[in-house]
Amino acid sequence: MTEKFSRGLEGVIAAESALTYIDGQKGILAYVGIPIEELAEHATFEETVFLLLHQRLPTRSELQKLSEELADQRPLPAPVAAILKVLPRQASPMSLLRTAISVLGHFDPQADDTSPQALQAKAIKLIAQMATLTAAIGRLRQNQETIPPHPTLSHSANFLYMLTGKEPADFAARVFDVALILQADHEFPASTFASLVVASTLTDTYSAISAALGALKGPLHGGASEQVVQMILEIGEPAKAEQYIKEKLARHERIMGFGHRVYKTYDPRARILKKYSQKLAEQTKDTRLFEIEQIVEKTVIDALGSRGIFPNVDFYSGTVCYYLGIEPALLTPIFAVSRIAGWMAHMIEYVADNRLFRPTTRYVGPPLGHYIPIDKRA
Ligand code: SDX
């Protein structure tokens, strides 16, 4: 067995997968061989879900069946909806989501079943209900009544409907759909890897997804998007942006939404989201936030681009959702609304040829010695 030590497992191949291909130097991202740009242009989130769960695009009838299955699974079990209502409404939305997923597990008779059929069924259930849960958490934070799913709207349009109470305009629904497509999978980020470490013990699916949510919450991972929006709002005016960033860099502070363990060039997802952020800014006639973003982006790239630090997906996903009227605190849960598809796709793929994850350490402690009785200790 060849020993290989790499802090944070950087560059270590932990599994083989047919799902997502990333070239971090060229800024390439593809799901099952299809470039993300083409999926963002032509596909829907439902098609992307099918592509990841089955490793091929669906036929028209398969897509229709998937949409119907998602619609059937969207409503929450009544006790889960009731528990959400008694939890602290201003608690971290990601922590509330993690709690709700754990509770959901109690109402799923297949929770412990790791067969391919059961994992596929749980994937549909979790993809459907992650959106319903996130919308409910968003409503309760505003002390508003939760809104049951609309029977005929698409997954993205339904999320916006359950969050706002209004059927979204076609463009808003499309932009949100593209945001979900772009964040649906990304190979082995911390949250996906965490879920697989747990799933590889053949425990229940809800324990694995709870672990993924815990990892995604972190500011070094999915938690960055909320901090990006807070930063842009704090800057407030385009004229203040350059100085603000330069002062942060002078203090050796990290700029949220920039840098990536894999991408050492522009994150292809950020490139697509940037276009939508600009279109939404122009549509809302308030281009101030987008102007600030452009100055922040230029200032950071001028300073750190030579070290491979460029905008990542979180830099623009935040303002896209902000322009759609979504509060920053919901941004990371929305990341989970999308990434639950990738988490389940990797679980289905990995568990089918399962190997318990159990890395080792390079021991750097004291040499072997002996127990010292307490009255002989200094
Ligand atoms: C996501 O892995 C995925 O695929 C994740 C994701 C997905 O789809 O699942 O793409 C989603 O999590 C995107 C990343 C969101 N996080 C952020 O935006 C937080 C800010 N970014 C960083 O903290 C950082 O870039 C990471 C955590 C994303 C990656 O960091 P690495 O690979 O561990 O690199 P590092 O922390 O060792 O940094 C290397 C150097 C350091 O300088 P030195 O200490 O060596 O002098 O680059 C600097 C860092 O200080 N650096 C930054 C920086 N990111 C790295 N400096 C300023 N601002 C930044 N954002």
# chains A, B, ... in the order shown; residues from 1 in each chain; ligands from 1
$ select_by_dssp --residues "range 185-337 of chain A" --states "alpha helix (DSSP H)" --output "JSON, numbers by chain"
{"A": [190, 191, 192, 193, 194, 195, 196, 197, 198, 199, 205, 206, 207, 208, 209, 210, 211, 212, 213, 214, 215, 216, 224, 225, 226, 227, 228, 229, 230, 231, 232, 233, 234, 235, 238, 239, 240, 241, 242, 243, 244, 245, 246, 247, 248, 249, 250, 268, 269, 270, 271, 272, 273, 274, 275, 276, 277, 278, 279, 280, 281, 282, 283, 284, 288, 289, 290, 291, 292, 293, 294, 295, 296, 297, 298, 299, 300, 301, 302, 303, 304, 313, 314, 315, 316, 317, 318, 319, 320, 321, 322, 323, 331, 332, 333, 334, 335, 336, 337]}
$ residues_near_ligand --ligand "ligand 1" --cutoff "7 Å" --atoms "only C-alpha atoms and all ligand atoms" --output "PyMOL selection string"
chain A and resi 183+185-190+219-222+224+249+252-262+309+312-314
$ atom_distance --atom1 "CA of Tyr323 in chain A" --atom2 "CA of Tyr266 in chain A"
22.4 Å
$ residues_around --residues "Pro149 in chain A" --least-positions-apart "5" --cutoff "12 Å" --atoms "only C-alpha atoms" --output "ChimeraX atom specification"
/A:70-76,128-129,131-133,135-136,154-167
